[in-house]
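**Student:** See start_33.txt below, with compact mmCIF, C-alpha atoms.
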```txt
# COMPACT_ATOMS: atom_id res chain seq x y z
CA MET A 1 0.00 0.00 0.00
CA THR A 2 1.27 3.48 -0.90
CA HIS A 3 1.76 5.95 1.94
CA PHE A 4 1.09 9.58 1.06
CA PHE A 5 2.56 12.76 2.48
CA VAL A 6 0.32 15.57 1.21
CA ILE A 7 1.84 19.03 1.60
CA GLY A 8 -0.23 22.14 1.03
CA ILE A 9 1.74 25.17 -0.16
CA PRO A 10 1.02 28.80 -1.10
CA ASP A 11 2.55 30.42 -4.17
CA SER A 12 6.01 30.68 -2.61
CA ILE A 13 9.01 28.38 -2.12
CA ASN A 14 9.91 30.18 1.12
CA TYR A 15 7.05 28.47 2.91
CA ILE A 16 8.79 25.13 2.39
CA LYS A 17 12.33 26.37 3.02
CA GLU A 18 11.38 27.81 6.39
CA ASN A 19 9.68 24.62 7.63
CA LEU A 20 12.25 22.11 8.94
CA GLU A 21 9.72 19.26 9.11
CA LEU A 22 8.72 19.68 5.45
CA MET A 23 12.34 19.94 4.33
CA GLN A 24 13.14 16.71 6.19
CA ILE A 25 10.28 14.94 4.38
CA ILE A 26 11.57 16.15 1.01
CA ARG A 27 15.11 14.94 1.79
CA SER A 28 13.84 11.51 2.94
CA PHE A 29 11.94 10.32 -0.14
CA ARG A 30 12.35 9.96 -3.90
CA CYS A 31 8.87 10.05 -5.45
CA PHE A 32 7.13 13.41 -5.68
CA SER A 33 3.96 14.54 -7.37
CA GLY A 34 1.96 17.68 -8.14
CA GLY A 35 0.91 19.94 -10.95
CA LYS A 36 3.27 21.43 -13.52
CA ARG A 37 3.27 24.72 -11.58
CA HIS A 38 4.25 22.95 -8.37
CA HIS A 39 7.18 21.30 -10.12
CA GLU A 40 8.47 24.61 -11.47
CA LEU A 41 8.16 26.14 -8.03
CA LEU A 42 9.85 23.33 -6.08
CA LYS A 43 12.28 21.55 -8.41
CA GLU A 44 15.35 23.21 -6.88
CA LEU A 45 14.48 21.68 -3.49
CA LEU A 46 14.06 18.10 -4.73
CA PRO A 47 16.81 15.45 -4.44
CA GLU A 48 18.93 14.79 -7.54
CA ASP A 49 17.41 11.33 -8.01
CA ALA A 50 13.83 12.55 -7.55
CA GLU A 51 11.01 11.05 -9.63
CA TRP A 52 8.19 13.47 -10.46
CA ILE A 53 4.66 12.28 -11.31
CA GLU A 54 2.66 15.11 -12.83
CA ILE A 55 -0.96 15.30 -11.73
CA LYS A 56 -3.04 15.50 -14.90
CA THR A 57 -5.93 13.71 -16.50
CA PRO A 58 -6.65 10.88 -16.72
CA LEU A 59 -6.15 10.56 -12.96
CA ASP A 60 -6.41 6.75 -13.05
CA GLU A 61 -3.07 6.70 -14.88
CA VAL A 62 -1.53 8.92 -12.21
CA PHE A 63 -2.65 6.57 -9.46
CA LYS A 64 -1.31 3.55 -11.33
CA GLN A 65 2.11 5.24 -11.21
CA TYR A 66 1.70 5.89 -7.48
CA ASP A 67 1.14 2.18 -6.90
CA TYR A 68 4.78 1.44 -7.80
CA TYR A 69 6.03 3.39 -4.77
CA GLU A 70 5.77 2.78 -1.04
CA TYR A 71 5.94 6.52 -0.27
CA VAL A 72 4.77 9.45 -2.38
CA VAL A 73 5.09 13.12 -1.45
CA VAL A 74 2.28 15.10 -3.06
CA PHE A 75 2.25 18.89 -3.28
CA ALA A 76 -1.11 20.66 -3.41
CA SER A 77 -2.20 24.29 -3.33
CA GLY A 78 -3.26 25.54 0.09
CA ASP A 79 -5.45 23.12 2.04
CA PRO A 80 -5.45 19.68 0.33
CA PHE A 81 -8.90 18.93 1.74
CA PHE A 82 -10.52 22.15 0.51
CA TYR A 83 -11.51 21.20 -3.06
CA GLY A 84 -8.01 19.73 -3.16
CA PHE A 85 -6.04 16.64 -4.07
CA GLY A 86 -6.29 15.16 -0.58
CA SER A 87 -9.98 14.57 -1.23
CA THR A 88 -9.12 13.02 -4.60
CA ILE A 89 -6.73 10.53 -2.95
CA LEU A 90 -9.47 9.41 -0.56
CA LYS A 91 -11.90 8.91 -3.47
CA LYS A 92 -9.39 6.89 -5.49
CA ARG A 93 -7.76 5.07 -2.55
CA PRO A 94 -10.28 5.09 0.36
CA ASN A 95 -7.96 3.09 2.64
CA ALA A 96 -4.82 5.06 1.89
CA ASP A 97 -2.45 6.05 4.69
CA ILE A 98 -2.23 9.86 4.44
CA ALA A 99 -0.23 12.39 6.45
CA VAL A 100 -1.43 15.93 5.68
CA PHE A 101 0.45 19.20 6.14
CA PRO A 102 -2.05 21.92 5.21
CA ALA A 103 -1.48 25.59 4.49
CA PHE A 104 -4.19 28.24 4.38
CA ASN A 105 -6.36 27.93 1.31
CA SER A 106 -6.40 30.92 -1.02
CA LEU A 107 -9.80 32.19 0.13
CA GLN A 108 -8.60 32.18 3.73
CA ASP A 109 -5.49 34.07 2.64
CA LEU A 110 -7.57 36.63 0.78
CA SER A 111 -9.89 37.04 3.78
CA HIS A 112 -6.86 37.67 5.99
CA ARG A 113 -5.54 40.32 3.59
CA LEU A 114 -8.95 42.02 3.57
CA GLN A 115 -9.45 41.55 7.34
CA LEU A 116 -12.77 39.95 6.45
CA SER A 117 -14.39 37.25 8.60
CA TYR A 118 -15.11 34.10 6.63
CA GLU A 119 -17.07 31.86 9.00
CA ASP A 120 -20.24 32.98 7.20
CA MET A 121 -18.78 32.94 3.70
CA HIS A 122 -20.32 30.64 1.08
CA MET A 123 -17.48 28.84 -0.71
CA VAL A 124 -17.71 27.79 -4.36
CA SER A 125 -15.19 26.10 -6.63
CA LEU A 126 -15.38 26.81 -10.35
CA THR A 127 -12.06 25.07 -10.98
CA GLY A 128 -12.91 22.57 -13.69
CA ARG A 129 -16.57 22.79 -12.70
CA PRO A 130 -19.70 24.35 -14.29
CA TRP A 131 -21.39 27.57 -13.12
CA HIS A 132 -24.16 25.79 -11.19
CA GLU A 133 -23.01 26.35 -7.59
CA LEU A 134 -22.20 30.02 -8.18
CA ASP A 135 -25.57 30.53 -9.86
CA ARG A 136 -27.23 28.92 -6.85
CA ALA A 137 -25.36 31.14 -4.38
CA LEU A 138 -26.32 34.26 -6.35
CA ILE A 139 -30.01 33.34 -6.57
CA GLU A 140 -29.93 32.57 -2.84
CA ASN A 141 -28.60 36.12 -2.33
CA LYS A 142 -25.60 35.04 -0.23
CA GLU A 143 -23.90 37.94 1.53
CA LYS A 144 -20.31 36.78 0.90
CA ILE A 145 -19.27 34.30 -1.79
CA GLY A 146 -15.71 32.97 -2.03
CA ILE A 147 -14.82 31.58 -5.47
CA LEU A 148 -11.95 29.40 -6.67
CA THR A 149 -11.39 30.30 -10.33
CA ASP A 150 -9.75 28.73 -13.38
CA HIS A 151 -8.70 29.85 -16.89
CA VAL A 152 -12.34 29.73 -18.08
CA HIS A 153 -14.13 31.02 -14.98
CA THR A 154 -11.93 34.10 -14.64
CA PRO A 155 -12.77 37.20 -12.56
CA ALA A 156 -13.75 38.96 -15.80
CA ALA A 157 -16.03 36.09 -16.86
CA ILE A 158 -17.61 36.02 -13.38
CA ALA A 159 -18.22 39.79 -13.49
CA MET A 160 -19.80 39.52 -16.95
CA ARG A 161 -22.15 36.78 -15.73
CA LEU A 162 -23.25 38.86 -12.75
CA LEU A 163 -23.84 41.89 -14.96
CA LYS A 164 -25.82 39.84 -17.50
CA TYR A 165 -28.20 38.57 -14.82
CA ASN A 166 -28.45 41.88 -12.92
CA PHE A 167 -26.58 40.93 -9.76
CA THR A 168 -25.19 44.45 -9.63
CA HIS A 169 -25.48 44.69 -5.83
CA TYR A 170 -22.19 42.75 -5.51
CA LYS A 171 -18.64 44.08 -5.54
CA MET A 172 -15.58 41.96 -6.21
CA CYS A 173 -12.29 41.46 -4.37
CA ILE A 174 -9.47 39.64 -6.18
CA GLY A 175 -6.33 38.04 -4.77
CA GLN A 176 -3.48 37.17 -7.15
CA HIS A 177 -0.45 35.01 -6.29
CA LEU A 178 -1.36 35.03 -2.60
CA GLY A 179 1.59 34.07 -0.41
CA ASN A 180 4.19 35.17 -2.96
CA PRO A 181 5.75 38.40 -1.66
CA GLU A 182 7.07 39.36 -5.11
CA LYS A 183 3.87 38.83 -7.11
CA GLU A 184 0.97 39.17 -4.67
CA VAL A 185 -1.72 41.71 -5.64
CA VAL A 186 -4.98 42.31 -3.79
CA SER A 187 -7.78 44.41 -5.32
CA CYS A 188 -10.74 45.27 -3.13
CA ASP A 189 -14.35 46.36 -3.69
CA LEU A 190 -14.20 46.63 -7.46
CA ALA A 191 -17.42 47.47 -9.27
CA LEU A 192 -18.27 44.64 -11.65
CA SER A 193 -17.92 46.98 -14.63
CA GLU A 194 -14.32 47.75 -13.54
CA VAL A 195 -13.05 44.18 -13.36
CA GLU A 196 -12.23 43.70 -17.04
CA GLU A 197 -10.07 46.85 -16.98
CA HIS A 198 -7.69 45.35 -14.39
CA PRO A 199 -4.77 43.14 -15.52
CA ILE A 200 -5.27 39.85 -13.69
CA ASP A 201 -2.85 36.91 -13.60
CA SER A 202 -4.27 33.42 -14.00
CA LEU A 203 -3.44 32.38 -10.40
CA ASN A 204 -6.20 34.10 -8.46
CA CYS A 205 -9.32 33.76 -6.35
CA VAL A 206 -12.35 35.99 -5.82
CA ILE A 207 -14.63 37.12 -3.01
CA LEU A 208 -17.99 38.69 -3.86
CA LYS A 209 -19.45 41.04 -1.25
CA ARG A 210 -23.14 41.93 -1.32
CA MET A 211 -23.35 45.68 -0.77
CA TYR A 212 -27.08 45.85 -0.03
CA ASN A 213 -30.06 43.52 0.22
CA ASP A 214 -32.89 43.79 -2.29
CA VAL A 215 -36.06 43.33 -0.22
CA ASN A 216 -38.06 42.53 -3.39
CA TYR A 217 -35.58 39.87 -4.35
CA ARG A 218 -37.64 36.73 -4.97
CA PRO A 219 -41.42 37.11 -4.76
CA LEU A 220 -43.36 33.86 -4.88
CA GLY A 221 -45.26 33.97 -8.14
CA ILE A 222 -43.40 36.39 -10.40
CA PRO A 223 -45.92 38.96 -11.71
CA ASP A 224 -46.82 38.21 -15.34
CA LYS A 225 -46.07 41.82 -16.37
CA MET A 226 -42.38 41.27 -15.51
CA PHE A 227 -42.01 38.84 -18.43
CA GLU A 228 -41.50 39.70 -22.06
CA HIS A 229 -44.25 37.88 -23.95
CA LEU A 230 -44.28 35.99 -27.25
CA ASP A 231 -45.38 38.47 -29.93
CA GLY A 232 -46.83 40.62 -27.13
CA ARG A 233 -49.56 38.04 -26.42
CA GLU A 234 -50.08 38.28 -22.66
CA ARG A 235 -52.22 35.16 -22.54
CA MET A 236 -49.34 33.03 -23.89
CA ILE A 237 -47.91 32.45 -20.41
CA THR A 238 -48.58 30.19 -17.45
CA LYS A 239 -50.18 32.69 -15.04
CA ALA A 240 -48.46 33.44 -11.73
CA PRO A 241 -51.05 31.74 -9.45
CA ILE A 242 -51.09 28.65 -11.70
CA ARG A 243 -47.28 28.63 -11.75
CA VAL A 244 -47.19 28.55 -7.95
CA LEU A 245 -49.63 25.65 -7.86
CA ASP A 246 -47.61 23.85 -10.57
CA MET A 247 -44.51 24.20 -8.36
CA SER A 248 -46.42 22.53 -5.53
CA MET A 249 -47.66 19.69 -7.73
CA LEU A 250 -44.15 19.13 -9.15
CA MET A 251 -42.71 18.70 -5.62
CA LEU A 252 -39.55 20.49 -6.72
CA PRO A 253 -37.92 20.76 -3.27
CA MET A 254 -37.50 16.97 -3.47
CA CYS A 255 -36.07 17.03 -7.02
CA ASN A 256 -32.63 17.54 -8.53
CA HIS A 257 -33.37 17.43 -12.27
CA PHE A 258 -36.35 19.16 -13.88
CA TRP A 259 -37.46 19.29 -17.53
CA ASP A 260 -39.74 22.03 -18.89
CA ILE A 261 -41.17 21.01 -22.28
CA GLY A 262 -42.61 23.80 -24.42
CA PHE A 263 -41.22 26.64 -22.29
CA CYS A 264 -42.40 29.59 -24.50
CA THR A 265 -41.63 32.67 -22.30
CA GLY A 266 -39.63 30.55 -19.84
CA SER A 267 -41.95 31.48 -16.98
CA VAL A 268 -42.13 28.00 -15.40
CA SER A 269 -38.38 27.34 -15.65
CA ILE A 270 -37.55 30.80 -14.29
CA GLU A 271 -40.03 30.53 -11.43
CA ALA A 272 -38.68 27.06 -10.57
CA LYS A 273 -35.03 28.17 -10.65
CA ARG A 274 -35.66 31.28 -8.55
CA GLN A 275 -37.55 29.39 -5.88
CA PHE A 276 -35.41 26.22 -5.96
CA PRO A 277 -31.94 27.23 -7.18
CA HIS A 278 -30.49 23.79 -6.44
CA LEU A 279 -32.35 22.46 -9.48
CA HIS A 280 -30.65 21.45 -12.72
CA ILE A 281 -33.18 22.58 -15.34
CA HIS A 282 -33.40 21.63 -19.01
CA ALA A 283 -35.97 23.67 -20.95
CA PHE A 284 -37.18 22.56 -24.41
CA GLU A 285 -38.96 24.66 -27.04
CA LYS A 286 -39.55 24.20 -30.77
CA ARG A 287 -40.04 27.87 -31.69
CA LYS A 288 -36.69 29.54 -32.36
CA GLU A 289 -37.94 32.98 -31.35
CA CYS A 290 -38.45 31.69 -27.79
CA TRP A 291 -34.68 31.48 -27.28
CA LYS A 292 -34.51 35.29 -27.19
CA LEU A 293 -37.51 35.34 -24.85
CA MET A 294 -35.78 33.01 -22.41
CA GLU A 295 -32.55 35.03 -22.65
CA ALA A 296 -34.36 38.30 -22.01
CA ASN A 297 -36.55 37.03 -19.19
CA SER A 298 -33.89 35.04 -17.35
CA SER A 299 -31.49 38.02 -17.54
CA ARG A 300 -34.13 40.50 -16.38
CA LEU A 301 -35.23 38.26 -13.51
CA GLY A 302 -31.77 37.18 -12.32
CA THR A 303 -32.01 33.50 -13.22
CA PRO A 304 -28.79 32.05 -14.63
CA GLY A 305 -28.19 28.36 -15.18
CA ILE A 306 -31.21 27.18 -17.21
CA ASP A 307 -30.04 24.87 -20.03
CA VAL A 308 -32.04 25.79 -23.13
CA HIS A 309 -32.74 23.37 -25.99
CA ILE A 310 -34.30 24.87 -29.13
CA CYS A 311 -35.51 21.70 -30.82
CA ASP A 312 -38.36 19.36 -31.48
CA PHE A 313 -38.40 17.44 -28.18
CA LEU A 314 -39.40 14.24 -29.96
CA GLU A 315 -36.30 14.43 -32.19
CA GLU A 316 -33.85 15.60 -29.52
CA ASP A 317 -31.31 13.10 -28.15
CA VAL A 318 -31.76 13.29 -24.36
CA SER A 319 -29.98 10.04 -23.54
CA ASP A 320 -26.95 11.86 -22.10
CA LEU A 321 -29.02 14.00 -19.72
CA PRO A 322 -29.58 12.92 -16.10
CA ALA A 323 -32.99 11.32 -15.61
CA PRO A 324 -35.52 13.99 -14.63
CA ASP A 325 -37.31 13.74 -11.28
CA ALA A 326 -40.07 16.03 -12.52
CA VAL A 327 -41.34 17.15 -15.95
CA PHE A 328 -43.73 19.97 -16.83
CA ILE A 329 -45.42 19.84 -20.22
CA GLY A 330 -46.41 23.38 -21.16
CA GLY A 331 -46.88 22.75 -24.88
CA HIS A 332 -47.21 19.62 -26.97
CA GLY A 333 -48.15 20.69 -30.53
CA GLY A 334 -50.79 17.98 -30.81
CA LYS A 335 -48.32 15.21 -29.95
CA LEU A 336 -48.98 14.73 -26.25
CA LYS A 337 -49.11 10.92 -26.47
CA GLU A 338 -45.75 10.72 -28.23
CA ILE A 339 -44.18 13.17 -25.75
CA MET A 340 -45.54 11.22 -22.79
CA GLN A 341 -44.13 7.98 -24.19
CA LYS A 342 -40.67 9.53 -24.50
CA VAL A 343 -40.83 11.23 -21.10
CA ALA A 344 -41.86 7.94 -19.46
CA ARG A 345 -38.79 6.20 -20.91
CA TYR A 346 -36.37 8.70 -19.37
CA LEU A 347 -38.23 9.63 -16.18
CA ALA A 348 -36.53 8.62 -12.92
CA PRO A 349 -38.30 6.04 -10.71
CA ASP A 350 -40.96 7.86 -8.65
CA GLY A 351 -40.59 10.77 -11.09
CA LEU A 352 -43.68 12.75 -12.02
CA VAL A 353 -45.23 14.69 -14.90
CA VAL A 354 -47.48 17.75 -14.52
CA PHE A 355 -49.76 19.16 -17.23
CA ASN A 356 -52.22 22.06 -17.25
CA SER A 357 -55.42 20.99 -19.04
CA VAL A 358 -57.71 23.72 -20.40
CA SER A 359 -60.51 21.52 -21.77
CA GLU A 360 -62.25 18.20 -21.25
CA GLU A 361 -60.62 16.94 -24.45
CA SER A 362 -57.09 17.73 -23.26
CA LYS A 363 -57.90 16.26 -19.84
CA MET A 364 -58.99 12.97 -21.39
CA LEU A 365 -55.97 13.02 -23.71
CA PHE A 366 -53.55 13.41 -20.77
CA GLU A 367 -55.24 10.57 -18.87
CA GLU A 368 -55.05 8.27 -21.90
CA SER A 369 -51.45 9.27 -22.64
CA ALA A 370 -50.31 8.67 -19.08
CA LEU A 371 -51.90 5.22 -18.84
CA GLU A 372 -50.59 4.15 -22.26
CA ALA A 373 -47.09 5.26 -21.18
CA GLY A 374 -47.29 3.10 -18.05
CA LEU A 375 -47.70 5.99 -15.60
CA GLU A 376 -50.07 6.17 -12.63
CA LEU A 377 -52.53 9.06 -12.49
CA ALA A 378 -52.42 11.14 -9.28
CA ASP A 379 -54.92 13.60 -7.82
CA SER A 380 -55.70 16.61 -10.00
CA LEU A 381 -56.53 20.19 -9.01
CA ASP A 382 -59.26 22.36 -10.62
CA VAL A 383 -58.52 26.09 -10.66
CA SER A 384 -60.39 29.18 -11.93
CA ILE A 385 -58.75 32.62 -12.16
CA GLY A 386 -60.58 35.78 -13.23
CA ASP A 387 -62.07 35.62 -16.70
CA TYR A 388 -59.70 32.88 -17.87
CA ASN A 389 -60.93 29.40 -18.73
CA PRO A 390 -60.85 26.96 -15.80
CA ILE A 391 -57.68 24.89 -15.63
CA CYS A 392 -57.16 21.37 -14.35
CA ILE A 393 -53.63 20.77 -13.05
CA MET A 394 -52.97 17.08 -13.65
CA LYS A 395 -50.20 14.78 -12.48
CA ALA A 396 -48.91 11.32 -13.39
CA VAL A 397 -46.23 9.32 -11.57
CA LYS A 398 -43.76 6.65 -12.66
CA GLU A 399 -43.96 4.07 -9.91
CA ALA A 400 -40.63 2.60 -8.84
CA LYS A 401 -40.43 -1.12 -9.56
```
Produce C-alpha cells that represent the structure in this file.
**Tutor:**
Amino acid sequence: MTHFFVIGIPDSINYIKENLELMQIIRSFRCFSGGKRHHELLKELLPEDAEWIEIKTPLDEVFKQYDYYEYVVVFASGDPFFYGFGSTILKKRPNADIAVFPAFNSLQDLSHRLQLSYEDMHMVSLTGRPWHELDRALIENKEKIGILTDHVHTPAAIAMRLLKYNFTHYKMCIGQHLGNPEKEVVSCDLALSEVEEHPIDSLNCVILKRMYNDVNYRPLGIPDKMFEHLDGRERMITKAPIRVLDMSMLMLPMCNHFWDIGFCTGSVSIEAKRQFPHLHIHAFEKRKECWKLMEANSSRLGTPGIDVHICDFLEEDVSDLPAPDAVFIGGHGGKLKEIMQKVARYLAPDGLVVFNSVSEESKMLFEESALEAGLELADSLDVSIGDYNPICIMKAVKEAK
C-alpha cells in the first residue's frame, strides 16, 4: 500500500524552506507529485534522483504510477482537503495512509488580507466545474461568496455573468499570487464593470461582497407583467397563481433534475429556478424565437443556469441528460401521447409529470397518454382565475419497480 505525504503550499518556495519538518520529508523520499506549476516552483528543493509524477488527466493513470512506490510526497495548493487533491486521494484510494500538512487555502489568505471574517462565507469552486453552484449562491442572495477560479471562470467572466443577470449589488475582491511576496496583488471592492479593466494573472481567487439587500428579491409567483411575452400576447404564459400551484404539484424541493417542455416565455423554468436554485433545469422549445424570450426574461429576472434546448423534443437526443425527477409539459403541438411515451422512458423512478389541461378533451388526452405510457394518475386540481378558462392541473407518476 502506498503511503502519502500531502503538503499544502502557497505560491512561494519560502514556505517550504522555512519549515524544517517539510524539508526533512523532502530529503527523505524519492517520489514526488503535483501539478506542472508545483514542479516549477519546487524543483530546486528536490533530491537529484527525484522522480516526479505530474498530476493531470486521466487521474487513473496517475494513481497507477503511485502504486509502484511505497511513499509518495504530493504537493497541493493551500489546504489539500478544501476542493483539493487530498480529497481526490481518498476517493481513489479510500484506505490510503495519508499524512497531511495543510497551508491556508487561497480564500482564507484573501480574507486575511482584507481583514474579512469568513465563517459565514459561502465557498464555491469553479475550478474545472460548471457555473451551477455560483448561480445557486447568487439566486440565494448570499452575503459573501468565495470563489476558486480557473482559466475559463476568470474574474472577468464572473463579473460579466453577474452583470448579464443583474446581480449588480455585488462588488468583487481579487487576490493574485497570494503568499508570494514578489507577485501578490490584492484588489478590493471593485465594481463589476471595472473588473475587465484590471490586468489579472491566471493564479487568483475571488470574493464577492453583497453591498445591499434587495427586499423585493424573490417574490413567490413572479408577476406576469415582468415577463417579455411571445409576440406581445399576454395570454401566452402560465399565469403566476397557476405557476405557484404547478410548483407545488411538481414537488420540486424533493427534485434535482427538472425538464420544462414547451417553455415559450420561460416562466415556469424561471419561477422554478428562482424558488429552488439547487435544481438542474433543461428547458425545451420548438419555436426559435423563444430562445430570445428566455434570454431576455432570465437576464431580467436574475435567473442564470437554465439549459435551453431549441428543438423538437421528440427528435432531440436526451440520452446523455440525467434522468428527470419532474417534468412539466407546457406545450405539446398535438403530440402529447408521443411526448408522454418519450418522457416515461427517461423519467426517474418515482418521477412525475405535470400538465395544465384547459378543456375536457385535453384532460382525457392526458389521462389516456399517461396510462398508455405506463404511468399512474395522481390527484388533479381544478382552478379558476378571473375571466380565464378553468384549468385542471394534472399529475402522473412513474412508480418505482
**Student:** From the set A:Arg300, A:His132, A:His257, A:Lys398, which residue has the shortest atom-to-atom contact distance to Ala326 in chain A, counting only C-alpha atoms?
**Tutor:**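 Among A:Arg300, A:His132, A:His257, A:Lys398, it is A:His257 that comes nearest to Ala326 in chain A.
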**Student:** With all atoms listed in the file as the counted atoms, please give the residues lying no more than 9 Å from Asp201 in chain A, apart from itself and same-chain residues fewer than 2 positions off, as a PyMOL selection string.
**Tutor:** chain A and resi 176-177+199+203-204
**Student:** Give me a file of those residues, with C-alpha atoms, as a compact mmCIF listing (two decimals), keeping the file's coordinate frame.
**Tutor:**
```txt
# COMPACT_ATOMS: atom_id res chain seq x y z
CA GLN A 176 -3.48 37.17 -7.15
CA HIS A 177 -0.45 35.01 -6.29
CA PRO A 199 -4.77 43.14 -15.52
CA LEU A 203 -3.44 32.38 -10.40
CA ASN A 204 -6.20 34.10 -8.46
```
**Student:** Name all residues at most 10 Å from Gly305 in chain A (count all atoms listed in the file; drop same-chain ones fewer than 3 positions away) and give them as a list in words.
**Tutor:**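 Everything that qualifies: Pro130, Trp131, His132, Glu133, Leu134, Asp135, Arg136, Ile270, Lys273, Pro277, Leu279, His280, Ile281, His282, Ser298, Gly302 and Val308 of chain A.
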**Student:** So, counting all atoms listed in the file, which residue among A:Ala96, A:Ala283, A:Leu336, A:Cys173 is closest to Arg210 in chain A?
**Tutor:**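 Closest candidate: A:Cys173.
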**Student:** Using all atoms listed in the file, determine which residues lie at most 9 Å from Ala272 in chain A, disregarding the query and same-chain residues fewer than 2 positions distant; provide the list as a PyMOL selection string.
**Tutor:** chain A and resi 243+247+252+258+267-270+274-277+279+281
**Student:** Do a neighbour search on range 24-28 of chain A at 8 Å with only C-alpha atoms, toss out local chain neighbours closer than 2 positions, and write the hits as number ranges by chain.
**Tutor:** A: 20-22, 30, 45-47, 73
**Student:** Could you check which of A:Ala400, A:Ala103, A:Leu293, A:Leu381 is closest to Gly179 in chain A, using only C-alpha atoms?
**Tutor:**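 Residue with the minimum atom-to-atom distance to Gly179 in chain A: A:Ala103.
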**Student:** Up to 8 Å from (-50.6, 6.0, -13.4) in the file's coordinates: name the residues, counting only C-alpha atoms, as an MDAnalysis selection string.
**Tutor:** chainID A and resid 370:371 374:378 396:399
**Student:** Could you write those residues out with C-alpha atoms, as a short mmCIF file (atom, residue, chain, number, x, y, z; two decimals), keeping the file's coordinate frame?
**Tutor:**
```cif
data_model
loop_
_atom_site.label_atom_id
_atom_site.label_comp_id
_atom_site.auth_asym_id
_atom_site.auth_seq_id
_atom_site.Cartn_x
_atom_site.Cartn_y
_atom_site.Cartn_z
CA ALA A 370 -50.31 8.67 -19.08
CA LEU A 371 -51.90 5.22 -18.84
CA GLY A 374 -47.29 3.10 -18.05
CA LEU A 375 -47.70 5.99 -15.60
CA GLU A 376 -50.07 6.17 -12.63
CA LEU A 377 -52.53 9.06 -12.49
CA ALA A 378 -52.42 11.14 -9.28
CA ALA A 396 -48.91 11.32 -13.39
CA VAL A 397 -46.23 9.32 -11.57
CA LYS A 398 -43.76 6.65 -12.66
CA GLU A 399 -43.96 4.07 -9.91
#
```
**Student:** For the point (3.6, 22.2, -8.5) in file coordinates, what residues are within 7 Å, counting only C-alpha atoms? Give the answer as a PDB file with C-alpha atoms, in the coordinates of the input?
**Tutor:**
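Once everything was written out, this is selection-v9.pdb:
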```
ATOM      1  CA  GLY A  34       1.960  17.680  -8.140  1.00  0.00           C
ATOM      2  CA  GLY A  35       0.910  19.940 -10.950  1.00  0.00           C
ATOM      3  CA  LYS A  36       3.270  21.430 -13.520  1.00  0.00           C
ATOM      4  CA  ARG A  37       3.270  24.720 -11.580  1.00  0.00           C
ATOM      5  CA  HIS A  38       4.250  22.950  -8.370  1.00  0.00           C
ATOM      6  CA  HIS A  39       7.180  21.300 -10.120  1.00  0.00           C
ATOM      7  CA  GLU A  40       8.470  24.610 -11.470  1.00  0.00           C
ATOM      8  CA  LEU A  41       8.160  26.140  -8.030  1.00  0.00           C
ATOM      9  CA  LEU A  42       9.850  23.330  -6.080  1.00  0.00           C
ATOM     10  CA  PHE A  75       2.250  18.890  -3.280  1.00  0.00           C
TER      11      PHE A  75
END
```
**Student:** Here is a test: counting only C-alpha atoms, which residue of A:Thr2, A:Gln108, A:Thr265, A:Thr57 is nearest to Met226 in chain A?
**Tutor:**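 Nearest candidate to Met226 in chain A out of A:Thr2, A:Gln108, A:Thr265, A:Thr57: A:Thr265.
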**Student:** Rounded to one decimal, what separation in Å do you get between CA of Glu194 in chain A and CA of Leu163 in chain A?
**Tutor:**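 Going from CA of Glu194 in chain A over to CA of Leu163 in chain A, I get 11.3 Å.
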